[in-house]
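Visitor: You'll find final_23.csv just under this line, and it carries CSV, C-alpha atoms.
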```csv
chain,number,residue,atom,x,y,z
P,12,MET,CA,-9.0,-16.6,-1.6
P,13,ASP,CA,-9.6,-14.2,-4.5
P,14,ARG,CA,-6.7,-12.6,-6.3
P,15,SER,CA,-5.7,-9.1,-5.1
P,16,TYR,CA,-4.5,-6.2,-7.2
P,17,SER,CA,-1.5,-3.9,-6.9
P,18,THR,CA,-1.9,-0.1,-7.0
P,19,SER,CA,-0.5,0.0,-10.6
P,20,GLU,CA,-2.9,-2.7,-11.7
P,21,VAL,CA,-5.9,-0.8,-10.3
P,22,THR,CA,-4.8,2.5,-11.8
P,23,LYS,CA,-4.4,0.8,-15.2
P,24,LEU,CA,-7.9,-0.8,-14.9
P,25,ALA,CA,-9.6,2.4,-13.7
P,26,GLY,CA,-7.6,4.7,-16.0
P,27,ILE,CA,-6.5,7.0,-13.1
P,28,THR,CA,-3.3,8.1,-11.6
P,29,GLU,CA,-1.6,6.5,-8.6
P,30,ARG,CA,-2.0,9.8,-6.7
P,31,LYS,CA,-5.8,9.9,-7.4
P,32,LEU,CA,-6.2,6.3,-6.2
P,33,GLN,CA,-4.1,7.2,-3.1
P,34,TRP,CA,-6.4,10.2,-2.4
P,35,TRP,CA,-9.5,8.0,-2.8
P,36,TYR,CA,-8.0,5.5,-0.3
P,37,GLU,CA,-7.1,8.3,2.2
P,38,HIS,CA,-10.6,9.7,1.9
P,39,ARG,CA,-12.2,6.2,2.3
P,40,LEU,CA,-13.7,5.9,-1.1
P,41,VAL,CA,-11.8,2.6,-1.8
P,42,ARG,CA,-10.3,0.1,0.7
P,43,CYS,CA,-7.1,-1.8,0.5
P,44,HIS,CA,-4.7,-3.7,2.8
P,45,ARG,CA,-1.0,-3.7,3.2
P,46,ASN,CA,0.9,-6.6,1.9
P,47,GLY,CA,4.7,-6.4,2.6
P,48,HIS,CA,5.8,-3.0,1.2
P,49,GLY,CA,2.8,-2.3,-1.0
P,50,LEU,CA,-1.0,-1.9,-1.0
P,51,ARG,CA,-3.3,-4.6,-2.3
P,52,TYR,CA,-6.9,-4.2,-3.5
P,53,SER,CA,-9.6,-6.8,-3.6
P,54,LYS,CA,-11.4,-7.7,-6.8
P,55,THR,CA,-14.4,-5.7,-5.6
P,56,GLU,CA,-12.3,-2.7,-4.6
P,57,ALA,CA,-10.5,-2.7,-8.0
P,58,ALA,CA,-13.9,-2.7,-9.7
P,59,LEU,CA,-15.2,0.0,-7.4
P,60,ALA,CA,-12.2,2.2,-8.4
P,61,GLY,CA,-13.3,1.7,-12.0
P,62,VAL,CA,-16.9,2.6,-11.2
P,63,VAL,CA,-15.8,5.7,-9.3
P,64,ALA,CA,-13.6,6.8,-12.2
P,65,GLU,CA,-16.5,6.4,-14.6
P,66,LEU,CA,-19.0,8.3,-12.4
P,67,ARG,CA,-16.4,11.1,-12.0
P,68,ALA,CA,-16.0,11.2,-15.8
P,69,LYS,CA,-19.7,11.5,-16.1
P,70,GLY,CA,-19.8,14.6,-13.9
P,71,MET,CA,-20.8,13.1,-10.5
P,72,GLY,CA,-19.2,14.9,-7.5
P,73,LEU,CA,-17.1,13.1,-4.9
P,74,LYS,CA,-19.5,14.1,-2.1
P,75,GLU,CA,-22.4,12.3,-4.0
P,76,ILE,CA,-20.2,9.3,-4.8
P,77,ARG,CA,-19.0,9.0,-1.2
P,78,ARG,CA,-22.7,8.6,0.0
P,79,LEU,CA,-23.3,6.0,-2.7
P,80,VAL,CA,-20.0,3.9,-2.2
P,81,PRO,CA,-21.5,1.4,0.3
P,82,THR,CA,-24.4,0.6,-2.0
P,83,ILE,CA,-22.1,0.5,-5.1
P,84,ARG,CA,-19.7,-1.8,-3.2
P,85,SER,CA,-22.4,-4.3,-2.2
P,86,GLY,CA,-23.9,-4.1,-5.7
P,87,ILE,CA,-20.5,-4.9,-7.3
P,88,ALA,CA,-20.1,-7.9,-4.9
P,89,SER,CA,-23.5,-9.1,-6.0
P,90,CYS,CA,-22.6,-8.6,-9.7
P,91,TRP,CA,-19.7,-11.0,-9.4
P,92,LYS,CA,-22.3,-13.7,-8.7
P,93,ALA,CA,-24.8,-12.6,-11.5
P,94,GLY,CA,-22.3,-12.5,-14.3
P,95,ASP,CA,-21.0,-9.9,-16.7
P,96,LYS,CA,-24.3,-8.5,-18.0
P,97,ILE,CA,-25.0,-6.1,-15.1
P,98,VAL,CA,-25.5,-2.4,-15.6
P,99,PHE,CA,-26.6,0.1,-13.0
P,100,ALA,CA,-28.1,3.5,-13.3
P,101,VAL,CA,-27.5,6.2,-10.7
P,102,LEU,CA,-30.4,8.6,-10.2
P,103,GLY,CA,-29.7,11.1,-7.5
P,104,GLU,CA,-28.9,9.0,-4.4
P,105,THR,CA,-30.7,5.9,-5.8
P,106,ILE,CA,-29.0,3.2,-7.6
P,107,GLY,CA,-30.9,0.7,-9.8
P,108,PHE,CA,-29.1,-2.5,-10.8
P,109,HIS,CA,-30.3,-4.0,-14.0
P,110,LEU,CA,-29.6,-7.2,-15.9
P,111,SER,CA,-30.6,-5.4,-19.1
P,112,ALA,CA,-28.5,-2.6,-20.5
P,113,GLU,CA,-31.4,-1.5,-22.6
P,114,LYS,CA,-33.6,-0.9,-19.5
P,115,ALA,CA,-30.8,1.1,-17.8
P,116,ILE,CA,-30.2,3.2,-20.9
P,117,ALA,CA,-33.9,3.8,-21.4
P,118,ARG,CA,-34.2,5.1,-17.9
P,119,ALA,CA,-31.1,7.3,-18.5
P,120,LEU,CA,-32.8,8.8,-21.5
P,121,GLU,CA,-36.0,9.6,-19.5
P,122,GLU,CA,-34.0,11.2,-16.6
P,123,LYS,CA,-31.2,13.6,-17.5
P,124,GLN,CA,-29.6,13.1,-14.1
P,125,VAL,CA,-29.2,9.4,-14.5
P,126,ARG,CA,-25.6,8.2,-15.0
P,127,VAL,CA,-25.3,4.7,-16.4
P,128,VAL,CA,-22.3,2.5,-15.6
P,129,ASP,CA,-21.7,-0.8,-17.3
P,130,VAL,CA,-20.4,-2.7,-14.4
P,131,GLY,CA,-20.0,-5.9,-16.5
P,132,ARG,CA,-17.4,-4.1,-18.7
P,133,ILE,CA,-15.5,-3.1,-15.6
P,134,LEU,CA,-15.7,-6.6,-14.0
P,135,GLY,CA,-14.5,-8.0,-17.3
P,136,ARG,CA,-11.4,-5.7,-17.2
P,137,VAL,CA,-10.7,-6.8,-13.7
P,138,ASN,CA,-11.1,-10.5,-14.5
P,139,GLN,CA,-8.7,-10.1,-17.5
P,140,GLU,CA,-5.9,-8.9,-15.2
```
Would you write out, as structure tokens, the structure that this file holds?

Guide:
Amino acid sequence: MDRSYSTSEVTKLAGITERKLQWWYEHRLVRCHRNGHGLRYSKTEAALAGVVAELRAKGMGLKEIRRLVPTIRSGIASCWKAGDKIVFAVLGETIGFHLSAEKAIARALEEKQVRVVDVGRILGRVNQE
């Protein structure tokens, strides 16, 4: 079984507060399970918290993110298999996963509403913990 992450580990990885992570959990943006007295997050959910934090920092609203979470979650799960060179671009409600950061960035430059998230960097942070 994959390693799980505590609330404090996830908040450190995502650069968010414990209260924000709790709110995201209560509003079903991220999932976790109870282990003894604390909550534990899977590797995918820890990475998802990092992606949500980056999308929020880039100006995306929670309503938009909530609609995209299932696609982002499955994309992150796929990224674990593909390695650490994955980037995805969010355009409206469409997410494009790319092996090439250059392609994702070029697309972002063409469309002002595209938000680029380097999933590989987030996965690397999760793997380091």

Visitor: Calculate how many Å separate CA of Tyr52 in chain P from CA of Tyr16 in chain P, rounding to one decimal.

Guide: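 A separation of 4.8 Å between them.
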
Visitor: Around the point (-18.8, 13.6, -3.6) (coordinates from the file), which residues reach within 12 Å if we count only C-alpha atoms? Answer as a ChimeraX atom specification.

Guide: /P:35,38-40,63,66-67,70-80,103-104

Visitor: When you count only C-alpha atoms, which of these residues is closest to His48 in chain P: P:Ile27, P:Leu32, P:Val62, P:Ser17?

Guide: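 Under the stated criterion, the closest residue is P:Ser17.
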